[in-house]
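Participant: What follows is final32.pdb, PDB, C-alpha atoms.
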```
ATOM      1  CA  MET A   1      -9.862  -7.906   0.289
ATOM      2  CA  ASN A   2      -6.917 -10.004   1.466
ATOM      3  CA  ARG A   3      -6.434  -9.026   5.136
ATOM      4  CA  THR A   4      -2.676  -9.525   4.971
ATOM      5  CA  GLU A   5      -2.334  -7.037   2.127
ATOM      6  CA  PRO A   6      -3.119  -3.336   2.573
ATOM      7  CA  PRO A   7      -5.134  -1.368  -0.035
ATOM      8  CA  PRO A   8      -3.038  -1.660  -3.246
ATOM      9  CA  LEU A   9      -3.791   1.906  -4.399
ATOM     10  CA  ALA A  10      -2.538   3.310  -1.080
ATOM     11  CA  THR A  11       0.633   1.215  -1.358
ATOM     12  CA  TRP A  12       1.165   2.393  -4.935
ATOM     13  CA  MET A  13       0.765   6.029  -3.806
ATOM     14  CA  LEU A  14       3.233   5.461  -0.974
ATOM     15  CA  GLU A  15       5.790   4.006  -3.368
ATOM     16  CA  HIS A  16       5.395   6.573  -6.135
ATOM     17  CA  LEU A  17       4.412   9.849  -4.485
ATOM     18  CA  THR A  18       7.066   9.964  -1.799
ATOM     19  CA  THR A  19      10.696  10.692  -2.417
ATOM     20  CA  ALA A  20      13.069  10.260   0.497
ATOM     21  CA  ASP A  21      15.192   7.145   1.019
ATOM     22  CA  ARG A  22      13.586   6.647   4.438
ATOM     23  CA  ASP A  23      10.357   5.604   2.750
ATOM     24  CA  GLU A  24      11.266   1.970   2.242
ATOM     25  CA  ALA A  25      11.643   1.522   5.997
ATOM     26  CA  LEU A  26       8.484   3.548   6.516
ATOM     27  CA  ALA A  27       6.543   1.396   4.036
ATOM     28  CA  GLY A  28       7.778  -1.682   5.919
ATOM     29  CA  ASP A  29       6.620  -0.183   9.236
ATOM     30  CA  LEU A  30       3.148   0.533   7.863
ATOM     31  CA  LEU A  31       2.889  -2.987   6.439
ATOM     32  CA  GLU A  32       4.021  -4.506   9.730
ATOM     33  CA  GLU A  33       1.419  -2.499  11.650
ATOM     34  CA  PHE A  34      -1.327  -3.356   9.137
ATOM     35  CA  ARG A  35      -0.553  -7.068   9.420
ATOM     36  CA  ALA A  36      -0.592  -6.677  13.220
ATOM     37  CA  GLY A  37      -4.267  -5.671  12.998
ATOM     38  CA  ARG A  38      -4.534  -2.012  11.965
ATOM     39  CA  SER A  39      -7.473  -1.097   9.727
ATOM     40  CA  SER A  40      -7.437  -0.078   6.059
ATOM     41  CA  GLY A  41      -8.625   3.381   7.150
ATOM     42  CA  TRP A  42      -5.603   3.672   9.426
ATOM     43  CA  TYR A  43      -3.324   2.630   6.531
ATOM     44  CA  TRP A  44      -4.874   5.214   4.203
ATOM     45  CA  ARG A  45      -4.526   7.980   6.814
ATOM     46  CA  GLN A  46      -0.871   7.102   7.343
ATOM     47  CA  VAL A  47      -0.135   7.071   3.606
ATOM     48  CA  ILE A  48      -1.852  10.411   2.945
ATOM     49  CA  THR A  49      -0.167  12.031   5.957
ATOM     50  CA  THR A  50       3.222  10.700   4.794
ATOM     51  CA  ILE A  51       2.721  12.101   1.285
ATOM     52  CA  VAL A  52       1.566  15.511   2.571
ATOM     53  CA  ILE A  53       4.429  15.744   5.087
ATOM     54  CA  GLY A  54       6.965  14.621   2.481
ATOM     55  CA  ARG A  55       5.795  17.086  -0.181
ATOM     56  CA  THR A  56       5.508  20.017   2.230
ATOM     57  CA  ARG A  57       8.945  19.291   3.605
ATOM     58  CA  SER A  58      10.425  18.922   0.149
ATOM     59  CA  ILE A  59       9.039  22.315  -0.913
ATOM     60  CA  PHE A  60      10.341  23.931   2.285
ATOM     61  CA  GLU A  61      13.789  22.364   1.848
ATOM     62  CA  HIS A  62      13.918  23.584  -1.756
ATOM     63  CA  ARG A  63      12.733  27.136  -1.001
ATOM     64  CA  ILE A  64      16.028  28.598  -2.265
ATOM     65  CA  VAL A  65      15.634  26.654  -5.531
ATOM     66  CA  LEU A  66      12.066  27.930  -5.939
ATOM     67  CA  LEU A  67      13.097  31.488  -5.118
ATOM     68  CA  PHE A  68      15.934  31.352  -7.648
ATOM     69  CA  ALA A  69      13.626  29.846 -10.304
ATOM     70  CA  ALA A  70      11.024  32.571  -9.691
ATOM     71  CA  ILE A  71      13.590  35.389  -9.876
ATOM     72  CA  TRP A  72      15.303  33.925 -12.949
ATOM     73  CA  SER A  73      11.965  33.464 -14.707
ATOM     74  CA  LEU A  74      11.226  37.173 -14.342
ATOM     75  CA  LEU A  75      13.755  37.604 -17.155
ATOM     76  CA  SER A  76      12.061  35.144 -19.508
ATOM     77  CA  PRO A  77      10.017  37.755 -21.486
ATOM     78  CA  ALA A  78      13.207  39.785 -22.035
ATOM     79  CA  TRP A  79      14.991  36.610 -23.192
ATOM     80  CA  GLU A  80      12.163  35.852 -25.623
ATOM     81  CA  LEU A  81      12.357  39.376 -27.013
ATOM     82  CA  THR A  82      16.135  39.084 -27.449
ATOM     83  CA  PHE A  83      15.694  35.760 -29.218
ATOM     84  CA  ILE A  84      13.062  37.189 -31.590
ATOM     85  CA  ARG A  85      15.268  40.194 -32.390
ATOM     86  CA  VAL A  86      18.314  38.053 -33.162
ATOM     87  CA  PHE A  87      16.388  35.731 -35.453
ATOM     88  CA  TRP A  88      14.428  38.559 -37.056
ATOM     89  CA  GLU A  89      17.615  40.352 -37.968
ATOM     90  CA  SER A  90      19.002  37.153 -39.454
ATOM     91  CA  ASN A  91      15.721  36.875 -41.448
ATOM     92  CA  PHE A  92      15.319  33.354 -40.024
ATOM     93  CA  ILE A  93      11.810  33.903 -38.608
ATOM     94  CA  GLY A  94      10.628  35.273 -41.941
ATOM     95  CA  SER A  95      11.852  32.165 -43.731
ATOM     96  CA  VAL A  96      10.116  29.965 -41.137
ATOM     97  CA  TRP A  97       6.755  31.685 -41.716
ATOM     98  CA  ARG A  98       7.151  31.373 -45.489
ATOM     99  CA  MET A  99       7.334  27.579 -45.133
ATOM    100  CA  PRO A 100       4.206  25.605 -46.088
ATOM    101  CA  TRP A 101       1.981  24.377 -43.240
ATOM    102  CA  PRO A 102       2.611  22.283 -41.102
ATOM    103  CA  TRP A 103       6.371  22.901 -41.402
ATOM    104  CA  SER A 104       5.958  26.550 -40.480
ATOM    105  CA  ALA A 105       4.044  25.703 -37.282
ATOM    106  CA  ALA A 106       6.376  22.823 -36.389
ATOM    107  CA  SER A 107       9.458  24.984 -36.917
ATOM    108  CA  ALA A 108       7.983  27.846 -34.867
ATOM    109  CA  ILE A 109       7.112  25.474 -31.993
ATOM    110  CA  GLY A 110      10.546  23.848 -32.186
ATOM    111  CA  LEU A 111      12.262  27.224 -32.200
ATOM    112  CA  GLY A 112      10.199  28.400 -29.215
ATOM    113  CA  THR A 113      11.026  25.207 -27.311
ATOM    114  CA  VAL A 114      14.748  25.532 -27.986
ATOM    115  CA  GLU A 115      14.628  29.178 -26.902
ATOM    116  CA  ALA A 116      12.841  28.296 -23.643
ATOM    117  CA  LEU A 117      15.044  25.316 -22.803
ATOM    118  CA  LEU A 118      18.188  27.344 -23.460
ATOM    119  CA  PHE A 119      16.903  29.945 -21.000
ATOM    120  CA  ILE A 120      16.117  27.280 -18.380
ATOM    121  CA  TRP A 121      19.466  25.528 -18.766
ATOM    122  CA  ILE A 122      21.502  28.747 -18.713
ATOM    123  CA  GLY A 123      19.704  29.699 -15.478
ATOM    124  CA  SER A 124      20.361  26.241 -14.057
ATOM    125  CA  LEU A 125      24.080  26.471 -14.871
ATOM    126  CA  LEU A 126      24.155  29.887 -13.201
ATOM    127  CA  TYR A 127      22.592  28.337 -10.082
ATOM    128  CA  VAL A 128      25.175  25.534 -10.099
ATOM    129  CA  ALA A 129      27.949  28.126 -10.443
ATOM    130  CA  LEU A 130      26.543  29.930  -7.393
ATOM    131  CA  LEU A 131      26.513  26.636  -5.480
ATOM    132  CA  LEU A 132      30.133  25.959  -6.387
ATOM    133  CA  ILE A 133      31.182  29.509  -5.491
ATOM    134  CA  SER A 134      29.521  29.101  -2.094
ATOM    135  CA  ARG A 135      31.453  25.799  -1.711
ATOM    136  CA  ARG A 136      28.361  23.613  -1.727
ATOM    137  CA  ARG A 137      28.677  20.132  -3.149
ATOM    138  CA  VAL A 138      26.820  19.524  -6.405
ATOM    139  CA  ASP A 139      25.249  16.218  -7.350
ATOM    140  CA  PHE A 140      25.995  16.192 -11.092
ATOM    141  CA  ARG A 141      24.184  12.906 -11.696
ATOM    142  CA  ARG A 142      20.936  14.347 -10.322
ATOM    143  CA  LEU A 143      21.609  17.589 -12.160
ATOM    144  CA  GLY A 144      21.766  15.685 -15.456
ATOM    145  CA  HIS A 145      18.529  13.928 -14.595
ATOM    146  CA  GLY A 146      17.013  17.299 -13.694
ATOM    147  CA  PHE A 147      18.018  18.773 -17.064
ATOM    148  CA  ALA A 148      16.248  15.922 -18.846
ATOM    149  CA  MET A 149      13.181  16.254 -16.597
ATOM    150  CA  SER A 150      12.989  20.003 -17.207
ATOM    151  CA  ILE A 151      12.035  19.336 -20.855
ATOM    152  CA  VAL A 152       8.830  17.563 -19.828
ATOM    153  CA  VAL A 153       8.171  19.794 -16.828
ATOM    154  CA  PHE A 154       8.421  22.880 -19.050
ATOM    155  CA  LEU A 155       6.565  21.554 -22.087
ATOM    156  CA  ALA A 156       3.490  20.209 -20.266
ATOM    157  CA  PRO A 157       2.430  23.476 -18.558
ATOM    158  CA  ALA A 158       3.631  25.534 -21.553
ATOM    159  CA  ALA A 159       1.279  23.537 -23.799
ATOM    160  CA  CYS A 160      -1.542  24.096 -21.272
ATOM    161  CA  VAL A 161      -0.952  27.879 -21.220
ATOM    162  CA  PHE A 162      -0.724  27.898 -25.032
ATOM    163  CA  VAL A 163      -4.052  26.060 -25.369
ATOM    164  CA  LEU A 164      -5.606  28.295 -22.691
ATOM    165  CA  ARG A 165      -4.623  31.361 -24.690
ATOM    166  CA  ILE A 166      -6.224  29.924 -27.822
ATOM    167  CA  VAL A 167      -9.405  29.000 -25.905
ATOM    168  CA  ALA A 168      -9.527  32.464 -24.305
ATOM    169  CA  GLY A 169      -9.018  34.019 -27.743
ATOM    170  CA  VAL A 170      -5.874  35.882 -26.695
ATOM    171  CA  SER A 171      -3.370  36.385 -29.505
ATOM    172  CA  SER A 172       0.313  36.862 -28.775
ATOM    173  CA  ASN A 173      -0.029  40.469 -29.831
ATOM    174  CA  GLU A 174      -3.560  41.350 -28.832
ATOM    175  CA  ASP A 175      -3.057  45.098 -28.388
ATOM    176  CA  GLY A 176      -1.230  45.471 -31.698
ATOM    177  CA  THR A 177       2.081  46.406 -30.095
ATOM    178  CA  ASP A 178       5.005  46.256 -32.488
ATOM    179  CA  TRP A 179       7.634  44.059 -30.796
ATOM    180  CA  ARG A 180      10.328  46.320 -32.231
ATOM    181  CA  THR A 181       9.150  49.085 -29.874
ATOM    182  CA  LEU A 182       9.372  46.842 -26.778
ATOM    183  CA  THR A 183      12.309  47.186 -24.401
ATOM    184  CA  LEU A 184      14.038  44.464 -22.384
ATOM    185  CA  LEU A 185      13.382  46.321 -19.117
ATOM    186  CA  GLY A 186       9.748  46.897 -20.059
ATOM    187  CA  GLU A 187       9.258  43.188 -20.762
ATOM    188  CA  THR A 188      10.940  42.236 -17.472
ATOM    189  CA  LYS A 189       8.535  44.535 -15.630
ATOM    190  CA  ASN A 190       5.512  43.184 -17.491
ATOM    191  CA  PHE A 191       3.252  41.713 -14.809
ATOM    192  CA  GLN A 192       0.002  41.472 -16.749
ATOM    193  CA  ALA A 193      -1.979  38.286 -16.089
ATOM    194  CA  TRP A 194      -0.857  36.444 -19.235
ATOM    195  CA  ALA A 195       2.773  37.473 -18.728
ATOM    196  CA  ILE A 196       2.672  36.052 -15.197
ATOM    197  CA  LEU A 197       0.945  32.886 -16.401
ATOM    198  CA  TRP A 198       3.508  32.440 -19.175
ATOM    199  CA  ARG A 199       6.343  32.593 -16.597
ATOM    200  CA  ILE A 200       4.947  29.595 -14.679
ATOM    201  CA  PRO A 201       6.318  26.933 -17.115
ATOM    202  CA  TYR A 202       9.713  28.666 -16.891
ATOM    203  CA  ILE A 203       9.599  28.597 -13.071
ATOM    204  CA  LEU A 204       8.649  24.912 -13.028
ATOM    205  CA  GLY A 205      11.200  23.993 -15.704
ATOM    206  CA  THR A 206      14.052  25.830 -13.969
ATOM    207  CA  ALA A 207      13.111  24.444 -10.538
ATOM    208  CA  SER A 208      12.938  20.874 -11.860
ATOM    209  CA  ALA A 209      16.345  21.205 -13.545
ATOM    210  CA  ILE A 210      18.114  22.213 -10.317
ATOM    211  CA  TRP A 211      15.822  20.480  -7.764
ATOM    212  CA  GLY A 212      18.229  17.765  -6.666
ATOM    213  CA  SER A 213      21.541  19.388  -7.555
ATOM    214  CA  ALA A 214      22.605  20.500  -4.057
ATOM    215  CA  ARG A 215      23.744  17.609  -1.894
ATOM    216  CA  ARG A 216      22.381  17.377   1.618
ATOM    217  CA  VAL A 217      25.055  16.759   4.235
ATOM    218  CA  ALA A 218      24.293  15.514   7.744
ATOM    219  CA  LYS A 219      26.420  16.620  10.677
ATOM    220  CA  GLU A 220      27.063  12.989  11.501
ATOM    221  CA  GLY A 221      26.911  10.511   8.680
ATOM    222  CA  ARG A 222      24.567   7.562   8.838
ATOM    223  CA  VAL A 223      25.980   4.566  10.610
ATOM    224  CA  PRO A 224      26.548   1.739   8.149
ATOM    225  CA  ALA A 225      24.347  -1.279   8.749
TER     226      ALA A 225
ATOM    227  CA  MET B   1       9.766  13.147  23.673
ATOM    228  CA  LEU B   2      11.023  11.412  20.537
ATOM    229  CA  LEU B   3      14.587  11.309  21.838
ATOM    230  CA  LEU B   4      13.369   9.833  25.132
ATOM    231  CA  ALA B   5      11.444   7.139  23.239
ATOM    232  CA  VAL B   6      14.582   6.261  21.258
ATOM    233  CA  ILE B   7      16.616   6.043  24.484
ATOM    234  CA  GLN B   8      13.955   3.937  26.199
ATOM    235  CA  LEU B   9      13.698   1.438  23.323
ATOM    236  CA  GLY B  10      17.447   0.999  23.051
ATOM    237  CA  ASP B  11      18.428  -1.493  20.337
ATOM    238  CA  ASP B  12      14.795  -1.955  19.263
ATOM    239  CA  ALA B  13      14.192   1.676  18.277
ATOM    240  CA  TYR B  14      12.642   1.617  14.816
ATOM    241  CA  GLY B  15       9.428   3.119  13.402
ATOM    242  CA  VAL B  16       6.806   0.702  14.799
ATOM    243  CA  PRO B  17       7.894   0.550  18.467
ATOM    244  CA  ILE B  18       8.662   4.272  18.493
ATOM    245  CA  SER B  19       5.168   5.115  17.220
ATOM    246  CA  ARG B  20       3.565   2.685  19.724
ATOM    247  CA  GLU B  21       5.561   4.234  22.544
ATOM    248  CA  LEU B  22       4.475   7.741  21.568
ATOM    249  CA  GLU B  23       0.842   6.634  21.159
ATOM    250  CA  LYS B  24       0.945   5.119  24.645
ATOM    251  CA  TYR B  25       1.984   8.424  26.209
ATOM    252  CA  ARG B  26      -0.031  10.761  23.994
ATOM    253  CA  GLY B  27      -3.169   8.636  23.999
ATOM    254  CA  ARG B  28      -3.904   9.079  20.289
ATOM    255  CA  ASP B  29      -2.778   7.965  16.842
ATOM    256  CA  VAL B  30       0.653   9.083  15.697
ATOM    257  CA  ALA B  31       1.565   9.531  12.015
ATOM    258  CA  VAL B  32       4.564   7.295  11.323
ATOM    259  CA  GLY B  33       5.569   9.672   8.514
ATOM    260  CA  SER B  34       5.817  12.558  10.968
ATOM    261  CA  ILE B  35       8.041  10.434  13.239
ATOM    262  CA  TYR B  36      10.427   9.753  10.352
ATOM    263  CA  ALA B  37      10.392  13.431   9.351
ATOM    264  CA  ALA B  38      11.276  14.467  12.912
ATOM    265  CA  LEU B  39      13.944  11.769  13.210
ATOM    266  CA  GLU B  40      15.501  12.893   9.933
ATOM    267  CA  ARG B  41      15.701  16.435  11.229
ATOM    268  CA  LEU B  42      17.334  15.149  14.428
ATOM    269  CA  GLU B  43      19.743  13.109  12.323
ATOM    270  CA  MET B  44      20.671  16.188  10.279
ATOM    271  CA  LYS B  45      21.407  17.949  13.578
ATOM    272  CA  GLY B  46      23.556  15.011  14.670
ATOM    273  CA  LEU B  47      21.336  14.107  17.650
ATOM    274  CA  VAL B  48      20.473  10.600  16.404
ATOM    275  CA  ALA B  49      22.086   8.166  13.969
ATOM    276  CA  SER B  50      20.372   5.480  11.946
ATOM    277  CA  SER B  51      21.265   2.169  10.365
ATOM    278  CA  LEU B  52      19.373  -0.283   8.174
ATOM    279  CA  GLY B  53      18.568  -3.736   9.519
ATOM    280  CA  ASP B  54      17.861  -6.881   7.548
ATOM    281  CA  ALA B  55      14.866  -7.161   5.235
ATOM    282  CA  THR B  56      12.171  -9.443   6.696
ATOM    283  CA  PRO B  57       9.294 -11.240   4.907
ATOM    284  CA  GLU B  58       6.616 -10.023   7.371
ATOM    285  CA  ARG B  59       7.487  -6.484   6.295
ATOM    286  CA  GLY B  60       7.234  -7.289   2.588
ATOM    287  CA  GLY B  61      10.997  -7.629   2.292
ATOM    288  CA  LYS B  62      11.548  -4.075   3.514
ATOM    289  CA  ALA B  63      14.317  -3.349   5.995
ATOM    290  CA  LYS B  64      13.856  -1.682   9.372
ATOM    291  CA  ARG B  65      15.656   1.570  10.025
ATOM    292  CA  TYR B  66      17.052   1.523  13.538
ATOM    293  CA  PHE B  67      17.763   4.764  15.370
ATOM    294  CA  ARG B  68      20.146   5.339  18.246
ATOM    295  CA  ILE B  69      20.918   8.450  20.188
ATOM    296  CA  THR B  70      24.336  10.078  19.754
ATOM    297  CA  ASN B  71      26.433  11.729  22.461
ATOM    298  CA  ALA B  72      25.232  15.118  21.243
ATOM    299  CA  GLY B  73      21.643  13.842  21.526
ATOM    300  CA  LEU B  74      22.232  12.676  25.105
ATOM    301  CA  ARG B  75      23.681  16.052  26.027
ATOM    302  CA  GLN B  76      20.626  17.713  24.457
ATOM    303  CA  VAL B  77      18.234  15.533  26.474
ATOM    304  CA  HIS B  78      20.026  16.335  29.730
ATOM    305  CA  GLU B  79      20.079  20.036  28.896
ATOM    306  CA  THR B  80      16.341  20.023  28.108
ATOM    307  CA  ARG B  81      15.622  18.190  31.352
ATOM    308  CA  ARG B  82      17.677  20.713  33.337
ATOM    309  CA  VAL B  83      15.903  23.685  31.748
ATOM    310  CA  LEU B  84      12.456  22.142  32.241
ATOM    311  CA  THR B  85      13.185  21.301  35.884
ATOM    312  CA  GLU B  86      14.355  24.858  36.541
ATOM    313  CA  LEU B  87      11.278  26.264  34.838
ATOM    314  CA  TRP B  88       8.925  24.072  36.888
ATOM    315  CA  GLN B  89      10.723  24.982  40.101
ATOM    316  CA  SER B  90      10.302  28.653  39.296
ATOM    317  CA  ILE B  91       6.495  28.357  39.256
ATOM    318  CA  PRO B  92       5.554  26.849  42.640
ATOM    319  CA  ALA B  93       2.211  28.665  42.640
ATOM    320  CA  LEU B  94       0.964  26.640  39.684
ATOM    321  CA  GLU B  95       2.046  23.420  41.384
ATOM    322  CA  SER B  96       0.053  24.219  44.537
ATOM    323  CA  GLU B  97      -2.982  25.121  42.394
ATOM    324  CA  LEU B  98      -2.781  21.740  40.705
ATOM    325  CA  GLN B  99      -2.610  20.001  44.086
ATOM    326  CA  GLU B 100      -5.728  21.897  45.184
ATOM    327  CA  VAL B 101      -7.559  20.845  42.020
ATOM    328  CA  ALA B 102      -6.506  17.213  42.641
ATOM    329  CA  LEU B 103      -7.901  17.342  46.173
TER     330      LEU B 103
END
```
What does the file become when written as C-alpha cells?
Facilitator:
Amino acid sequence: MNRTEPPPLATWMLEHLTTADRDEALAGDLLEEFRAGRSSGWYWRQVITTIVIGRTRSIFEHRIVLLFAAIWSLLSPAWELTFIRVFWESNFIGSVWRMPWPWSAASAIGLGTVEALLFIWIGSLLYVALLLISRRRVDFRRLGHGFAMSIVVFLAPAACVFVLRIVAGVSSNEDGTDWRTLTLLGETKNFQAWAILWRIPYILGTASAIWGSARRVAKEGRVPA
Amino acid sequence: MLLLAVIQLGDDAYGVPISRELEKYRGRDVAVGSIYAALERLEMKGLVASSLGDATPERGGKAKRYFRITNAGLRQVHETRRVLTELWQSIPALESELQEVAL
C-alpha cells in the first residue's frame, strides 16, 4: 500500500457516510496525521468513530423529526382504509382488478404507492406548517430534496415488508375480516406485529422528507475566512 | 479542557494540534471526530467561533478549520476555574490525604 495514502475504503466511508460540513476539515486532519506517521489501524479507528459519532448525533438532533414521523405514521392504517373506501365507492378498485395481468398488479402497486406518498407528503407539510407557526426557519431547498428522497426511502423498506409477507405466507386479509366493518379508530389502534412492521416504511419515508427542513442557527455565526 | 487547548494554541488551533494537545494531557488516543463534535456544540453555544483556512496539498487539498475562543467562551472558562477552585478549597481533607499518599 502507498504509505502516503490512507486505506481507500476508509476514505470512501469518511466521504460518503458522514454528513456535516465540518467533515472536509476533519478528513484533511486525518490525512495530515496519517502522512505524519499514524498507522492504517489508527486511521480506520478514527473513521469508524467519526461515522458512529456523526450518526448518533444526527439521530439525537433529529429526535423531534423522528417523534413526529412515528406519531404521524400511527395514522397510516386509517389513511389506507379511507383511501380504499373512497376508491371502492367510486368503483375504481373493481375496475383495476378486472384489468388483465400484469396491468392489474401494476395499477394496484401504483395506486398503493400514490396513496402512501400522499400520506407522507401531507404529514411533511403539516410538520413544516408547525415549524412556521413556531417561527422556525425552514430550508425549502432541503425540503424539496427530502420529498424526492422520501420516494426511495419509503419504497425500499415497503418492498421488503411486502416480500416478507409473501414469504411468511401472510395475506393482507388473513383472518377474513371484511374491510367494510373496520373503523378508522380501530385501525389506528391496531398494534399487531404486521401492522407495526407496515408502519416502518411510513416512519422512514416521513422522517426522510422532513429530515433537513429545519435550519440550524448558531448563537454566533461562523466567522468568514 | 477543550476550551483551554483552543486558548493555548491561539492562532494555530485546528483539529490536529488540538487533538495532539489533548492526547499529551490525557495520555491516550483522542478521536478527532469527537473533538469536532464537541467544538460544534461549543460553537452552537457561542463559546467558540470557527473559520476556514486555505486548502493545502499535504492535506489532500482540504482546508483547515481554525477555532478561536469568543468573549462568552473566555467568561465561561474563568467561571469554571472559579467554581473548581472554590470546590477544591472546600475539601482540604482530601488534599492532605493526597499529600500523605505522596509521602
Participant: Applied to the shown file, which residues does the PyMOL selection byres ((chain B and resi 14) around 10) return, written as a ChimeraX atom specification?
Facilitator: /A:25-26,29 /B:6,9-13,15-19,36,50-53,64-68
Participant: Just the selected residues (C-alpha atoms), exported as an mmCIF file, in the coordinates of the input, please.
Facilitator:
```cif
data_model
loop_
_atom_site.group_PDB
_atom_site.id
_atom_site.type_symbol
_atom_site.label_atom_id
_atom_site.label_comp_id
_atom_site.auth_asym_id
_atom_site.auth_seq_id
_atom_site.Cartn_x
_atom_site.Cartn_y
_atom_site.Cartn_z
ATOM 1 C CA ALA A 25 11.643 1.522 5.997
ATOM 2 C CA LEU A 26 8.484 3.548 6.516
ATOM 3 C CA ASP A 29 6.620 -0.183 9.236
ATOM 4 C CA VAL B 6 14.582 6.261 21.258
ATOM 5 C CA LEU B 9 13.698 1.438 23.323
ATOM 6 C CA GLY B 10 17.447 0.999 23.051
ATOM 7 C CA ASP B 11 18.428 -1.493 20.337
ATOM 8 C CA ASP B 12 14.795 -1.955 19.263
ATOM 9 C CA ALA B 13 14.192 1.676 18.277
ATOM 10 C CA GLY B 15 9.428 3.119 13.402
ATOM 11 C CA VAL B 16 6.806 0.702 14.799
ATOM 12 C CA PRO B 17 7.894 0.550 18.467
ATOM 13 C CA ILE B 18 8.662 4.272 18.493
ATOM 14 C CA SER B 19 5.168 5.115 17.220
ATOM 15 C CA TYR B 36 10.427 9.753 10.352
ATOM 16 C CA SER B 50 20.372 5.480 11.946
ATOM 17 C CA SER B 51 21.265 2.169 10.365
ATOM 18 C CA LEU B 52 19.373 -0.283 8.174
ATOM 19 C CA GLY B 53 18.568 -3.736 9.519
ATOM 20 C CA LYS B 64 13.856 -1.682 9.372
ATOM 21 C CA ARG B 65 15.656 1.570 10.025
ATOM 22 C CA TYR B 66 17.052 1.523 13.538
ATOM 23 C CA PHE B 67 17.763 4.764 15.370
ATOM 24 C CA ARG B 68 20.146 5.339 18.246
#
```
Participant: Box along x, y and z, 4 Å on every side, all listed atoms of stretch 88-101 of chain A inside: centre and edge lengths in Å to one decimal, as AutoDock Vina command-line options.
Facilitator:
```
--center_x 10.5 --center_y 32.4 --center_z -41.6 --size_x 25.0 --size_y 24.0 --size_z 17.0
```
Participant: The PyMOL selection byres ((chain A and resi 131) around 12) on the file shown: which residues, as a PDB file with C-alpha atoms, in the frame of the given file?
Facilitator:
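Written out: expr24.pdb:
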```pdb
ATOM      1  CA  ILE A  64      16.028  28.598  -2.265  1.00  0.00           C
ATOM      2  CA  VAL A  65      15.634  26.654  -5.531  1.00  0.00           C
ATOM      3  CA  PHE A  68      15.934  31.352  -7.648  1.00  0.00           C
ATOM      4  CA  SER A 124      20.361  26.241 -14.057  1.00  0.00           C
ATOM      5  CA  LEU A 125      24.080  26.471 -14.871  1.00  0.00           C
ATOM      6  CA  LEU A 126      24.155  29.887 -13.201  1.00  0.00           C
ATOM      7  CA  TYR A 127      22.592  28.337 -10.082  1.00  0.00           C
ATOM      8  CA  VAL A 128      25.175  25.534 -10.099  1.00  0.00           C
ATOM      9  CA  ALA A 129      27.949  28.126 -10.443  1.00  0.00           C
ATOM     10  CA  LEU A 130      26.543  29.930  -7.393  1.00  0.00           C
ATOM     11  CA  LEU A 132      30.133  25.959  -6.387  1.00  0.00           C
ATOM     12  CA  ILE A 133      31.182  29.509  -5.491  1.00  0.00           C
ATOM     13  CA  SER A 134      29.521  29.101  -2.094  1.00  0.00           C
ATOM     14  CA  ARG A 135      31.453  25.799  -1.711  1.00  0.00           C
ATOM     15  CA  ARG A 136      28.361  23.613  -1.727  1.00  0.00           C
ATOM     16  CA  ARG A 137      28.677  20.132  -3.149  1.00  0.00           C
ATOM     17  CA  VAL A 138      26.820  19.524  -6.405  1.00  0.00           C
ATOM     18  CA  ASP A 139      25.249  16.218  -7.350  1.00  0.00           C
ATOM     19  CA  PHE A 140      25.995  16.192 -11.092  1.00  0.00           C
ATOM     20  CA  ILE A 210      18.114  22.213 -10.317  1.00  0.00           C
ATOM     21  CA  SER A 213      21.541  19.388  -7.555  1.00  0.00           C
ATOM     22  CA  ALA A 214      22.605  20.500  -4.057  1.00  0.00           C
ATOM     23  CA  ARG A 215      23.744  17.609  -1.894  1.00  0.00           C
TER      24      ARG A 215
END
```
Participant: With only C-alpha atoms as the atoms that count, which of A:Gly54, A:Gly169, A:Gly41, A:Pro7 lies nearest to chain B?
Facilitator: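 The answer is A:Gly54, which sits nearest to chain B.
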Participant: Considering all atoms listed in the file, state which residue in the set A:Met149, A:Leu185, A:Val96, A:Ala193 is at the smallest distance from A:Ser208.
Facilitator: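 Residue with the minimum atom-to-atom distance to A:Ser208: A:Met149.
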Participant: By how many Å are atom CA of A:Glu5 and atom CA of B:Ser34 apart?
Facilitator: 23.0 Å
Participant: So how far away is atom CA of A:Thr56 from atom CA of B:Gly61, in Å?
Facilitator: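 One can read the atom CA of B:Gly61 to atom CA of A:Thr56 distance as 28.2 Å.
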Participant: Take atom CA of A:Ile53 and atom CA of A:Thr18 and report the distance between them in Å, one decimal.
Facilitator: 9.4 Å
Participant: Do you know which residues are at most 8 Å from B:Val77 counting all atoms listed in the file, after dropping those on the same chain fewer than 3 positions away, and could you put them as a PyMOL selection string?
Facilitator: chain B and resi 3-4+73-74+80-81
Participant: Mind telling me what the PyMOL selection byres ((chain A and resi 112) around 12) catches here, as a list in words?
Facilitator: Ser76, Trp79, Glu80, Leu81, Phe83, Ile84, Phe87, Ile93, Ala105, Ala106, Ser107, Ala108, Ile109, Gly110, Leu111, Thr113, Val114, Glu115, Ala116, Leu117, Leu118, Phe119, Phe154, Leu155, Ala158, Ala159 and Phe162 of chain A
Participant: Return the single residue from B:Glu43, B:Glu79, B:Glu86, B:Glu100 that is closest to chain A, with distances computed using all atoms listed in the file.
Facilitator: B:Glu43
Participant: Just checking: using all atoms listed in the file, which residue out of A:Gly28, A:Gly186, A:Pro8, A:Gly144 ends up closest to B:Arg59?
Facilitator: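 Among the listed residues, A:Gly28 lies closest to B:Arg59.
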Participant: Name the closest residue to A:Ala27 among the candidates B:Gly33, B:Gly46, B:Pro92, B:Gly27; distances are taken between atoms, counting only C-alpha atoms.
Facilitator: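 Comparing B:Gly33, B:Gly46, B:Pro92, B:Gly27 against A:Ala27, the winner is B:Gly33.
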Participant: Determine, counting all atoms listed in the file, which protein, DNA and RNA residues have an atom within 10 Å of an atom of A:Tyr43; residues of the same chain fewer than 4 positions away are not included. Present the result as a VMD selection string.
Facilitator: chain A and resid 6 to 7 10 to 11 30 to 31 33 to 34 38 to 39 47 to 49
Participant: Name the residues, using the chain letters and numbers of the file, that sit within 10 Å of (8.7, 43.4, -20.4) when counting all atoms listed in the file, and give them as a PyMOL selection string.
Facilitator: chain A and resi 74-81+182-192+195
Participant: Which is closer to chain A than all the others in B:Arg41, B:Arg75, B:Glu97, B:Ser90, using all atoms listed in the file?
Facilitator: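 Closest candidate: B:Arg41.
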